[in-house]
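File shown here: structure-v6.pdb, holding PDB, C-alpha atoms.
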ATOM      1  CA  MET I   1      38.967  93.571  85.529  1.00  0.00           C
ATOM      2  CA  THR I   2      37.709  97.159  85.483  1.00  0.00           C
ATOM      3  CA  THR I   3      36.685  99.123  82.393  1.00  0.00           C
ATOM      4  CA  VAL I   4      39.838 101.181  82.687  1.00  0.00           C
ATOM      5  CA  GLU I   5      41.962  98.040  82.763  1.00  0.00           C
ATOM      6  CA  LEU I   6      40.143  96.681  79.716  1.00  0.00           C
ATOM      7  CA  GLU I   7      40.743  99.887  77.801  1.00  0.00           C
ATOM      8  CA  ALA I   8      44.413  99.754  78.697  1.00  0.00           C
ATOM      9  CA  ARG I   9      44.734  96.168  77.506  1.00  0.00           C
ATOM     10  CA  VAL I  10      42.991  96.581  74.165  1.00  0.00           C
ATOM     11  CA  ALA I  11      44.946  99.734  73.392  1.00  0.00           C
ATOM     12  CA  SER I  12      48.258  97.942  73.872  1.00  0.00           C
ATOM     13  CA  PRO I  13      50.287  96.235  71.096  1.00  0.00           C
ATOM     14  CA  GLY I  14      49.411  92.888  72.640  1.00  0.00           C
ATOM     15  CA  ASP I  15      45.912  92.950  71.187  1.00  0.00           C
ATOM     16  CA  ALA I  16      47.255  92.014  67.769  1.00  0.00           C
ATOM     17  CA  VAL I  17      46.642  88.473  66.555  1.00  0.00           C
ATOM     18  CA  GLY I  18      49.866  86.560  66.542  1.00  0.00           C
ATOM     19  CA  ALA I  19      50.748  87.777  69.993  1.00  0.00           C
ATOM     20  CA  ALA I  20      49.080  86.283  73.069  1.00  0.00           C
ATOM     21  CA  PRO I  21      45.291  86.210  72.502  1.00  0.00           C
ATOM     22  CA  VAL I  22      43.582  89.143  74.153  1.00  0.00           C
ATOM     23  CA  ALA I  23      40.350  88.688  76.066  1.00  0.00           C
ATOM     24  CA  VAL I  24      37.778  91.298  75.183  1.00  0.00           C
ATOM     25  CA  GLY I  25      35.801  90.278  78.257  1.00  0.00           C
ATOM     26  CA  THR I  26      37.180  89.115  81.585  1.00  0.00           C
ATOM     27  CA  ALA I  27      40.479  87.344  82.104  1.00  0.00           C
ATOM     28  CA  GLY I  28      40.399  83.698  81.055  1.00  0.00           C
ATOM     29  CA  SER I  29      37.417  84.168  78.760  1.00  0.00           C
ATOM     30  CA  THR I  30      39.393  83.113  75.674  1.00  0.00           C
ATOM     31  CA  SER I  31      39.333  79.428  76.557  1.00  0.00           C
ATOM     32  CA  ALA I  32      35.807  79.623  77.905  1.00  0.00           C
ATOM     33  CA  GLY I  33      34.606  81.302  74.723  1.00  0.00           C
ATOM     34  CA  ALA I  34      36.315  78.691  72.577  1.00  0.00           C
ATOM     35  CA  ASN I  35      34.594  75.901  74.489  1.00  0.00           C
ATOM     36  CA  ARG I  36      31.174  77.548  74.213  1.00  0.00           C
ATOM     37  CA  ALA I  37      31.653  78.150  70.502  1.00  0.00           C
ATOM     38  CA  GLY I  38      32.064  74.439  69.847  1.00  0.00           C
ATOM     39  CA  ALA I  39      28.338  73.858  70.243  1.00  0.00           C
ATOM     40  CA  THR I  40      27.060  76.965  68.497  1.00  0.00           C
ATOM     41  CA  ASP I  41      26.965  78.538  65.063  1.00  0.00           C
ATOM     42  CA  ALA I  42      29.365  81.283  63.949  1.00  0.00           C
ATOM     43  CA  GLY I  43      28.894  84.349  66.059  1.00  0.00           C
ATOM     44  CA  ALA I  44      26.896  82.628  68.797  1.00  0.00           C
ATOM     45  CA  ALA I  45      29.749  82.432  71.325  1.00  0.00           C
ATOM     46  CA  VAL I  46      29.130  85.872  72.725  1.00  0.00           C
ATOM     47  CA  ARG I  47      28.475  87.516  76.048  1.00  0.00           C
ATOM     48  CA  ARG I  48      24.832  88.551  76.439  1.00  0.00           C
ATOM     49  CA  ARG I  49      23.317  90.768  79.078  1.00  0.00           C
ATOM     50  CA  PRO I  50      20.026  89.535  80.567  1.00  0.00           C
ATOM     51  CA  GLY I  51      17.022  91.172  78.960  1.00  0.00           C
ATOM     52  CA  ARG I  52      19.056  92.856  76.215  1.00  0.00           C
ATOM     53  CA  PRO I  53      17.976  91.862  72.667  1.00  0.00           C
ATOM     54  CA  ARG I  54      20.634  90.650  70.262  1.00  0.00           C
ATOM     55  CA  ASP I  55      21.344  93.025  67.364  1.00  0.00           C
ATOM     56  CA  GLU I  56      22.167  90.658  64.489  1.00  0.00           C
ATOM     57  CA  ASP I  57      22.908  93.556  62.126  1.00  0.00           C
ATOM     58  CA  MET I  58      25.586  94.791  64.486  1.00  0.00           C
ATOM     59  CA  ASP I  59      27.026  91.278  64.722  1.00  0.00           C
ATOM     60  CA  GLY I  60      27.265  91.262  60.940  1.00  0.00           C
ATOM     61  CA  GLN I  61      29.010  94.634  60.912  1.00  0.00           C
ATOM     62  CA  ILE I  62      31.614  93.411  63.366  1.00  0.00           C
ATOM     63  CA  VAL I  63      32.283  90.137  61.540  1.00  0.00           C
ATOM     64  CA  ALA I  64      32.410  91.869  58.140  1.00  0.00           C
ATOM     65  CA  ALA I  65      34.874  94.447  59.444  1.00  0.00           C
ATOM     66  CA  THR I  66      37.049  91.704  60.902  1.00  0.00           C
ATOM     67  CA  LEU I  67      37.061  89.858  57.592  1.00  0.00           C
ATOM     68  CA  GLU I  68      38.041  93.031  55.718  1.00  0.00           C
ATOM     69  CA  ILE I  69      41.010  93.441  58.058  1.00  0.00           C
ATOM     70  CA  ILE I  70      42.015  89.805  57.498  1.00  0.00           C
ATOM     71  CA  ASP I  71      41.689  90.132  53.716  1.00  0.00           C
ATOM     72  CA  ALA I  72      43.857  93.255  53.821  1.00  0.00           C
ATOM     73  CA  GLY I  73      46.601  91.245  55.511  1.00  0.00           C
ATOM     74  CA  GLU I  74      46.524  93.406  58.629  1.00  0.00           C
ATOM     75  CA  ASP I  75      46.701  92.267  62.246  1.00  0.00           C
ATOM     76  CA  VAL I  76      43.249  92.074  63.796  1.00  0.00           C
ATOM     77  CA  THR I  77      43.095  94.362  66.816  1.00  0.00           C
ATOM     78  CA  VAL I  78      40.196  95.704  68.838  1.00  0.00           C
ATOM     79  CA  SER I  79      40.996  99.236  67.712  1.00  0.00           C
ATOM     80  CA  ARG I  80      40.887  98.287  64.032  1.00  0.00           C
ATOM     81  CA  VAL I  81      37.651  96.334  64.380  1.00  0.00           C
ATOM     82  CA  VAL I  82      35.990  99.234  66.194  1.00  0.00           C
ATOM     83  CA  ALA I  83      37.196 101.789  63.637  1.00  0.00           C
ATOM     84  CA  ARG I  84      36.212  99.742  60.588  1.00  0.00           C
ATOM     85  CA  SER I  85      32.870  98.474  61.881  1.00  0.00           C
ATOM     86  CA  GLY I  86      31.691 101.739  63.395  1.00  0.00           C
ATOM     87  CA  VAL I  87      30.487 100.038  66.573  1.00  0.00           C
ATOM     88  CA  SER I  88      31.541 101.023  70.056  1.00  0.00           C
ATOM     89  CA  ARG I  89      34.023  99.118  72.150  1.00  0.00           C
ATOM     90  CA  ALA I  90      31.236  98.433  74.636  1.00  0.00           C
ATOM     91  CA  ALA I  91      29.163  96.782  71.878  1.00  0.00           C
ATOM     92  CA  LEU I  92      32.137  94.672  70.860  1.00  0.00           C
ATOM     93  CA  TYR I  93      32.767  93.600  74.456  1.00  0.00           C
ATOM     94  CA  ARG I  94      29.140  92.526  74.855  1.00  0.00           C
ATOM     95  CA  ARG I  95      29.187  90.301  71.805  1.00  0.00           C
ATOM     96  CA  TRP I  96      32.601  88.655  71.734  1.00  0.00           C
ATOM     97  CA  PRO I  97      34.417  87.200  74.727  1.00  0.00           C
ATOM     98  CA  SER I  98      37.739  87.404  72.863  1.00  0.00           C
ATOM     99  CA  LEU I  99      39.336  88.339  69.573  1.00  0.00           C
ATOM    100  CA  THR I 100      40.009  84.634  69.103  1.00  0.00           C
ATOM    101  CA  THR I 101      36.331  83.698  68.877  1.00  0.00           C
ATOM    102  CA  LEU I 102      35.573  86.724  66.696  1.00  0.00           C
ATOM    103  CA  ILE I 103      38.326  85.883  64.222  1.00  0.00           C
ATOM    104  CA  ALA I 104      37.235  82.234  64.142  1.00  0.00           C
ATOM    105  CA  ALA I 105      33.711  83.340  63.197  1.00  0.00           C
ATOM    106  CA  ALA I 106      35.032  85.712  60.514  1.00  0.00           C
ATOM    107  CA  LEU I 107      37.230  83.011  59.011  1.00  0.00           C
ATOM    108  CA  ASP I 108      34.173  80.809  58.577  1.00  0.00           C
ATOM    109  CA  VAL I 109      32.030  83.308  56.665  1.00  0.00           C
ATOM    110  CA  GLY I 110      30.736  81.624  53.508  1.00  0.00           C
ATOM    111  CA  ARG I 111      31.346  78.107  54.790  1.00  0.00           C
ATOM    112  CA  THR I 112      28.508  75.681  55.432  1.00  0.00           C
ATOM    113  CA  ILE I 113      28.102  72.281  57.068  1.00  0.00           C
ATOM    114  CA  PRO I 114      27.390  69.672  54.353  1.00  0.00           C
ATOM    115  CA  PRO I 115      24.149  67.713  54.625  1.00  0.00           C
ATOM    116  CA  GLU I 116      24.158  64.128  55.811  1.00  0.00           C
ATOM    117  CA  TYR I 117      24.774  61.548  53.096  1.00  0.00           C
ATOM    118  CA  PRO I 118      21.849  59.290  52.122  1.00  0.00           C
ATOM    119  CA  ASP I 119      21.831  55.631  53.129  1.00  0.00           C
ATOM    120  CA  HIS I 120      23.816  53.347  50.855  1.00  0.00           C
ATOM    121  CA  VAL I 121      25.649  56.217  49.180  1.00  0.00           C
ATOM    122  CA  ASP I 122      28.617  55.179  47.039  1.00  0.00           C
ATOM    123  CA  LEU I 123      31.325  55.793  49.633  1.00  0.00           C
ATOM    124  CA  ARG I 124      34.182  56.005  47.157  1.00  0.00           C
ATOM    125  CA  GLU I 125      32.397  58.740  45.238  1.00  0.00           C
ATOM    126  CA  ALA I 126      31.418  60.400  48.505  1.00  0.00           C
ATOM    127  CA  LEU I 127      35.109  60.720  49.352  1.00  0.00           C
ATOM    128  CA  PHE I 128      35.895  62.301  45.998  1.00  0.00           C
ATOM    129  CA  ASP I 129      32.908  64.633  46.155  1.00  0.00           C
ATOM    130  CA  GLY I 130      33.558  65.518  49.779  1.00  0.00           C
ATOM    131  CA  PHE I 131      36.983  66.828  48.854  1.00  0.00           C
ATOM    132  CA  GLY I 132      35.869  68.526  45.629  1.00  0.00           C
ATOM    133  CA  LEU I 133      37.209  65.810  43.321  1.00  0.00           C
ATOM    134  CA  GLY I 134      34.177  64.668  41.364  1.00  0.00           C
ATOM    135  CA  ASP I 135      33.970  62.597  38.203  1.00  0.00           C
ATOM    136  CA  THR I 136      35.071  65.534  36.078  1.00  0.00           C
ATOM    137  CA  GLY I 137      38.544  65.427  37.616  1.00  0.00           C
ATOM    138  CA  VAL I 138      38.363  69.138  38.410  1.00  0.00           C
ATOM    139  CA  ALA I 139      40.824  70.091  41.131  1.00  0.00           C
ATOM    140  CA  LEU I 140      39.607  70.641  44.664  1.00  0.00           C
ATOM    141  CA  SER I 141      38.241  74.154  44.599  1.00  0.00           C
ATOM    142  CA  VAL I 142      38.638  76.273  47.696  1.00  0.00           C
ATOM    143  CA  ALA I 143      36.225  78.769  46.168  1.00  0.00           C
ATOM    144  CA  ALA I 144      33.572  76.059  45.859  1.00  0.00           C
ATOM    145  CA  SER I 145      33.610  75.678  49.628  1.00  0.00           C
ATOM    146  CA  GLY I 146      33.015  79.393  50.113  1.00  0.00           C
ATOM    147  CA  TYR I 147      36.608  80.650  50.012  1.00  0.00           C
ATOM    148  CA  ALA I 148      38.735  82.411  47.494  1.00  0.00           C
ATOM    149  CA  GLU I 149      42.174  80.798  47.541  1.00  0.00           C
ATOM    150  CA  GLU I 150      43.880  83.932  48.841  1.00  0.00           C
ATOM    151  CA  ARG I 151      41.501  84.045  51.793  1.00  0.00           C
ATOM    152  CA  PHE I 152      42.202  80.374  52.380  1.00  0.00           C
ATOM    153  CA  ARG I 153      45.925  81.132  52.524  1.00  0.00           C
ATOM    154  CA  GLN I 154      45.292  83.999  54.920  1.00  0.00           C
ATOM    155  CA  ARG I 155      43.394  81.584  57.131  1.00  0.00           C
ATOM    156  CA  ILE I 156      46.377  79.236  57.146  1.00  0.00           C
ATOM    157  CA  ARG I 157      48.701  82.104  58.061  1.00  0.00           C
ATOM    158  CA  LEU I 158      46.524  83.255  60.929  1.00  0.00           C
ATOM    159  CA  VAL I 159      45.863  79.910  62.552  1.00  0.00           C
ATOM    160  CA  MET I 160      49.483  78.803  62.265  1.00  0.00           C
ATOM    161  CA  ALA I 161      50.583  81.961  64.050  1.00  0.00           C
ATOM    162  CA  ASP I 162      48.142  81.588  66.953  1.00  0.00           C
ATOM    163  CA  ARG I 163      47.579  78.214  68.622  1.00  0.00           C
ATOM    164  CA  ALA I 164      44.553  79.444  70.585  1.00  0.00           C
ATOM    165  CA  LEU I 165      42.885  80.631  67.363  1.00  0.00           C
ATOM    166  CA  GLN I 166      43.745  77.352  65.686  1.00  0.00           C
ATOM    167  CA  LYS I 167      42.062  75.366  68.454  1.00  0.00           C
ATOM    168  CA  ALA I 168      39.033  77.671  68.636  1.00  0.00           C
ATOM    169  CA  TYR I 169      38.498  77.514  64.872  1.00  0.00           C
ATOM    170  CA  TRP I 170      38.799  73.737  64.907  1.00  0.00           C
ATOM    171  CA  GLN I 171      36.366  73.287  67.783  1.00  0.00           C
ATOM    172  CA  SER I 172      33.743  75.784  66.679  1.00  0.00           C
ATOM    173  CA  HIS I 173      33.768  75.308  62.909  1.00  0.00           C
ATOM    174  CA  VAL I 174      36.112  72.896  61.118  1.00  0.00           C
ATOM    175  CA  SER I 175      35.383  69.778  63.159  1.00  0.00           C
ATOM    176  CA  ARG I 176      31.624  70.119  62.525  1.00  0.00           C
ATOM    177  CA  ARG I 177      32.039  70.078  58.744  1.00  0.00           C
ATOM    178  CA  ARG I 178      33.677  66.647  58.928  1.00  0.00           C
ATOM    179  CA  VAL I 179      30.711  65.005  60.640  1.00  0.00           C
ATOM    180  CA  PRO I 180      28.501  64.061  57.636  1.00  0.00           C
ATOM    181  CA  LEU I 181      31.314  62.274  55.797  1.00  0.00           C
ATOM    182  CA  LEU I 182      32.551  60.600  58.974  1.00  0.00           C
ATOM    183  CA  ASN I 183      29.018  59.389  59.666  1.00  0.00           C
ATOM    184  CA  ALA I 184      28.762  57.989  56.134  1.00  0.00           C
ATOM    185  CA  LEU I 185      32.013  56.078  56.617  1.00  0.00           C
ATOM    186  CA  ARG I 186      30.837  54.690  59.963  1.00  0.00           C
ATOM    187  CA  ALA I 187      27.641  53.527  58.283  1.00  0.00           C
ATOM    188  CA  GLY I 188      29.792  51.811  55.668  1.00  0.00           C
ATOM    189  CA  ILE I 189      31.585  49.924  58.429  1.00  0.00           C
ATOM    190  CA  SER I 190      28.231  48.820  59.879  1.00  0.00           C
ATOM    191  CA  ARG I 191      27.149  47.559  56.444  1.00  0.00           C
ATOM    192  CA  GLY I 192      30.365  45.605  56.033  1.00  0.00           C
ATOM    193  CA  GLU I 193      31.579  47.690  53.074  1.00  0.00           C
ATOM    194  CA  LEU I 194      34.564  49.053  54.957  1.00  0.00           C
ATOM    195  CA  ARG I 195      37.022  47.341  57.280  1.00  0.00           C
ATOM    196  CA  ALA I 196      35.680  46.706  60.768  1.00  0.00           C
ATOM    197  CA  ASP I 197      38.853  48.111  62.325  1.00  0.00           C
ATOM    198  CA  LEU I 198      38.863  51.252  60.161  1.00  0.00           C
ATOM    199  CA  ASP I 199      39.752  54.540  61.875  1.00  0.00           C
ATOM    200  CA  VAL I 200      37.508  56.952  59.985  1.00  0.00           C
ATOM    201  CA  GLU I 201      39.084  60.036  61.596  1.00  0.00           C
ATOM    202  CA  ALA I 202      42.525  58.913  60.414  1.00  0.00           C
ATOM    203  CA  CYS I 203      41.210  58.320  56.886  1.00  0.00           C
ATOM    204  CA  PHE I 204      39.725  61.799  56.745  1.00  0.00           C
ATOM    205  CA  ASP I 205      42.961  63.329  58.039  1.00  0.00           C
ATOM    206  CA  ALA I 206      45.022  61.396  55.493  1.00  0.00           C
ATOM    207  CA  ILE I 207      42.996  62.760  52.581  1.00  0.00           C
ATOM    208  CA  ALA I 208      42.716  66.304  53.938  1.00  0.00           C
ATOM    209  CA  GLY I 209      46.420  66.268  54.761  1.00  0.00           C
ATOM    210  CA  THR I 210      47.221  65.468  51.127  1.00  0.00           C
ATOM    211  CA  ALA I 211      45.257  68.520  50.030  1.00  0.00           C
ATOM    212  CA  TYR I 212      46.903  70.815  52.590  1.00  0.00           C
ATOM    213  CA  TYR I 213      50.332  69.529  51.542  1.00  0.00           C
ATOM    214  CA  GLN I 214      49.735  70.851  48.032  1.00  0.00           C
ATOM    215  CA  ILE I 215      49.045  74.363  49.341  1.00  0.00           C
ATOM    216  CA  VAL I 216      51.281  74.683  52.384  1.00  0.00           C
ATOM    217  CA  VAL I 217      54.351  72.633  51.441  1.00  0.00           C
ATOM    218  CA  ARG I 218      54.408  72.514  47.652  1.00  0.00           C
ATOM    219  CA  GLY I 219      52.919  75.987  47.210  1.00  0.00           C
ATOM    220  CA  ASP I 220      50.650  74.778  44.414  1.00  0.00           C
ATOM    221  CA  ARG I 221      47.240  76.113  43.444  1.00  0.00           C
ATOM    222  CA  MET I 222      44.244  73.880  43.854  1.00  0.00           C
ATOM    223  CA  ASP I 223      42.881  74.691  40.383  1.00  0.00           C
ATOM    224  CA  ASP I 224      45.947  73.114  38.741  1.00  0.00           C
ATOM    225  CA  PRO I 225      44.947  69.878  36.889  1.00  0.00           C
ATOM    226  CA  ALA I 226      48.197  68.244  38.003  1.00  0.00           C
ATOM    227  CA  VAL I 227      47.213  68.860  41.616  1.00  0.00           C
ATOM    228  CA  ALA I 228      43.799  67.291  40.975  1.00  0.00           C
ATOM    229  CA  ALA I 229      45.490  64.228  39.513  1.00  0.00           C
ATOM    230  CA  ARG I 230      47.758  63.846  42.559  1.00  0.00           C
ATOM    231  CA  LEU I 231      44.834  64.197  44.941  1.00  0.00           C
ATOM    232  CA  ARG I 232      42.704  61.679  43.080  1.00  0.00           C
ATOM    233  CA  ALA I 233      45.600  59.202  43.074  1.00  0.00           C
ATOM    234  CA  ALA I 234      46.039  59.716  46.808  1.00  0.00           C
ATOM    235  CA  VAL I 235      42.332  59.135  47.506  1.00  0.00           C
ATOM    236  CA  GLU I 236      42.405  55.977  45.382  1.00  0.00           C
ATOM    237  CA  THR I 237      45.376  54.666  47.370  1.00  0.00           C
ATOM    238  CA  ILE I 238      43.729  55.440  50.711  1.00  0.00           C
ATOM    239  CA  TRP I 239      40.447  53.936  49.526  1.00  0.00           C
ATOM    240  CA  ARG I 240      42.123  50.598  48.719  1.00  0.00           C
ATOM    241  CA  GLY I 241      43.201  50.388  52.353  1.00  0.00           C
ATOM    242  CA  MET I 242      39.690  51.195  53.610  1.00  0.00           C
ATOM    243  CA  VAL I 243      37.544  48.572  51.871  1.00  0.00           C
ATOM    244  CA  ALA I 244      36.645  45.321  53.574  1.00  0.00           C
TER
END
So, in terms of structure tokens, how does the structure I just supplied come out?
Amino acid sequence: MTTVELEARVASPGDAVGAAPVAVGTAGSTSAGANRAGATDAGAAVRRRPGRPRDEDMDGQIVAATLEIIDAGEDVTVSRVVARSGVSRAALYRRWPSLTTLIAAALDVGRTIPPEYPDHVDLREALFDGFGLGDTGVALSVAASGYAEERFRQRIRLVMADRALQKAYWQSHVSRRRVPLLNALRAGISRGELRADLDVEACFDAIAGTAYYQIVVRGDRMDDPAVAARLRAAVETIWRGMVA
């Protein structure tokens, strides 16, 4: 695709998120970028020119501008990112193979991968702590994981509207944050504390699904004590089916 063709594509209404994902680089780079992002940190799935040093400050400008657009409830387009960040289109093209990978990186700002759990950790408590439901009974806090609740809801809106973004965000960010708790559960199986036939992925999904149900279906806030009580009861029920 020529530079002229690229300019024509990014200037069209189709570059808005929610429509078909728009490749900032060459055609087909959306899926390729999503696959590369799965093994890298936020912002690492970018196109680099040989011998050209990476400008991390410019990366930060681009991601911050994208997040401001998301927080404002606006569609993320190349034109808006360029205008708000102050970088050139050429600089954007060099760093991000698609809007999909850029938005996925922006959505993950403030999130971290939890550390591995120590050997012989109390797995029941690890489940509660892993989902923000410690001994205090405080409701799962989205803010504690690096998100304000409104940003969390914006994330839900964006990924539900764009399947490619949903998959890219899962592969490059969300799936990695599950690993420490999944590893702890697998270790529990090896020690004989949990059922030998336990599907740890299904257990994680069951608990996380309960939390998402409160926000997406019931429309509740996660700082509501009644929500915390429901989540703790759900984890207790799932836990009883997990132990050996």
Step by step, gather every atom of segment 199-216 of chain I that the file lists, find the box along x, y and z that holds them, add 3 Å on each side, and finally give centre and edge lengths in Å to one decimal, as AutoDock Vina command-line options.
--center_x 44.4 --center_y 64.6 --center_z 55.0 --size_x 19.8 --size_y 26.1 --size_z 19.8
So that I can check the surroundings of Leu92 of chain I, please list as a CSV table (one decimal) with C-alpha atoms, in the coordinates of the input every protein, DNA and RNA residue that reaches within 9 Å of it, counting all atoms listed in the file and ignoring chain neighbours fewer than 4 positions away.
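And here's part-v4.csv as it stands now:
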chain,number,residue,atom,x,y,z
I,24,VAL,CA,37.8,91.3,75.2
I,59,ASP,CA,27.0,91.3,64.7
I,62,ILE,CA,31.6,93.4,63.4
I,78,VAL,CA,40.2,95.7,68.8
I,81,VAL,CA,37.7,96.3,64.4
I,82,VAL,CA,36.0,99.2,66.2
I,87,VAL,CA,30.5,100.0,66.6
I,88,SER,CA,31.5,101.0,70.1
I,96,TRP,CA,32.6,88.7,71.7
I,97,PRO,CA,34.4,87.2,74.7
Atom CA of Glu193 of chain I to atom CA of Ala244 of chain I measures 5.6 Å
If the PyMOL selection byres ((chain I and resi 155-171) around 7) were run on this exact file, what residues would it hold? Put them as a list in words.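 So the PyMOL selection byres ((chain I and resi 155-171) around 7), applied here, picks out Gly18, Ala34, Gly38, Thr100, Thr101, Ala104, Leu107, Arg151, Phe152, Arg153, Gln154, Ser172, His173, Val174 and Ser175 of chain I.
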Only C-alpha atoms, please: the residues just picked out, written as an mmCIF file, in the coordinates of the input.
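Written out: again.cif:
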data_model
loop_
_atom_site.group_PDB
_atom_site.id
_atom_site.type_symbol
_atom_site.label_atom_id
_atom_site.label_comp_id
_atom_site.auth_asym_id
_atom_site.auth_seq_id
_atom_site.Cartn_x
_atom_site.Cartn_y
_atom_site.Cartn_z
ATOM 1 C CA GLY I 18 49.866 86.560 66.542
ATOM 2 C CA ALA I 34 36.315 78.691 72.577
ATOM 3 C CA GLY I 38 32.064 74.439 69.847
ATOM 4 C CA THR I 100 40.009 84.634 69.103
ATOM 5 C CA THR I 101 36.331 83.698 68.877
ATOM 6 C CA ALA I 104 37.235 82.234 64.142
ATOM 7 C CA LEU I 107 37.230 83.011 59.011
ATOM 8 C CA ARG I 151 41.501 84.045 51.793
ATOM 9 C CA PHE I 152 42.202 80.374 52.380
ATOM 10 C CA ARG I 153 45.925 81.132 52.524
ATOM 11 C CA GLN I 154 45.292 83.999 54.920
ATOM 12 C CA SER I 172 33.743 75.784 66.679
ATOM 13 C CA HIS I 173 33.768 75.308 62.909
ATOM 14 C CA VAL I 174 36.112 72.896 61.118
ATOM 15 C CA SER I 175 35.383 69.778 63.159
#
I need the output of the PyMOL selection byres ((chain I and resi 64) around 12) for this file as number ranges by chain; which residues are they? I: 43, 57-63, 65-71, 81-82, 84-87, 102-103, 105-110
Quick check, in Å to one decimal: how far apart do atom CA of Asp197 of chain I and atom CA of Pro114 of chain I lie?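 These atoms are spaced 25.7 Å apart.
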Considering only C-alpha atoms, state which residue in the set I:Leu123, I:Ala211, I:Ala233, I:Ala196 is at the smallest distance from Leu182 of chain I. I:Leu123
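Among the candidate residues I:Pro180, I:Gly219, I:Gly241, I:Pro225, the one lying nearest to Glu149 of chain I is I:Gly219, with distances computed using all atoms listed in the file.
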What does the distance between atom CA of Ile113 of chain I and atom CA of Arg177 of chain I come to in Å, to one decimal place? 4.8 Å
Rank I:Val121, I:Val76, I:Ala229, I:Leu181 by their smallest atom-to-atom distance to Asp205 of chain I, using all atoms listed in the file, and report the top residue only.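 Using all atoms listed in the file, the shortest distance to Asp205 of chain I belongs to I:Leu181.
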Pick the closest to Glu236 of chain I from I:Ala90, I:Cys203, I:Val179, I:Ala187: which is it, counting only C-alpha atoms?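 Comparing I:Ala90, I:Cys203, I:Val179, I:Ala187 against Glu236 of chain I, the winner is I:Cys203.
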Of the residues I:Leu99, I:Met222, I:Val243, I:Thr112, which is the one nearest to Arg80 of chain I, using all atoms listed in the file?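 Among the listed residues, I:Leu99 lies closest to Arg80 of chain I.
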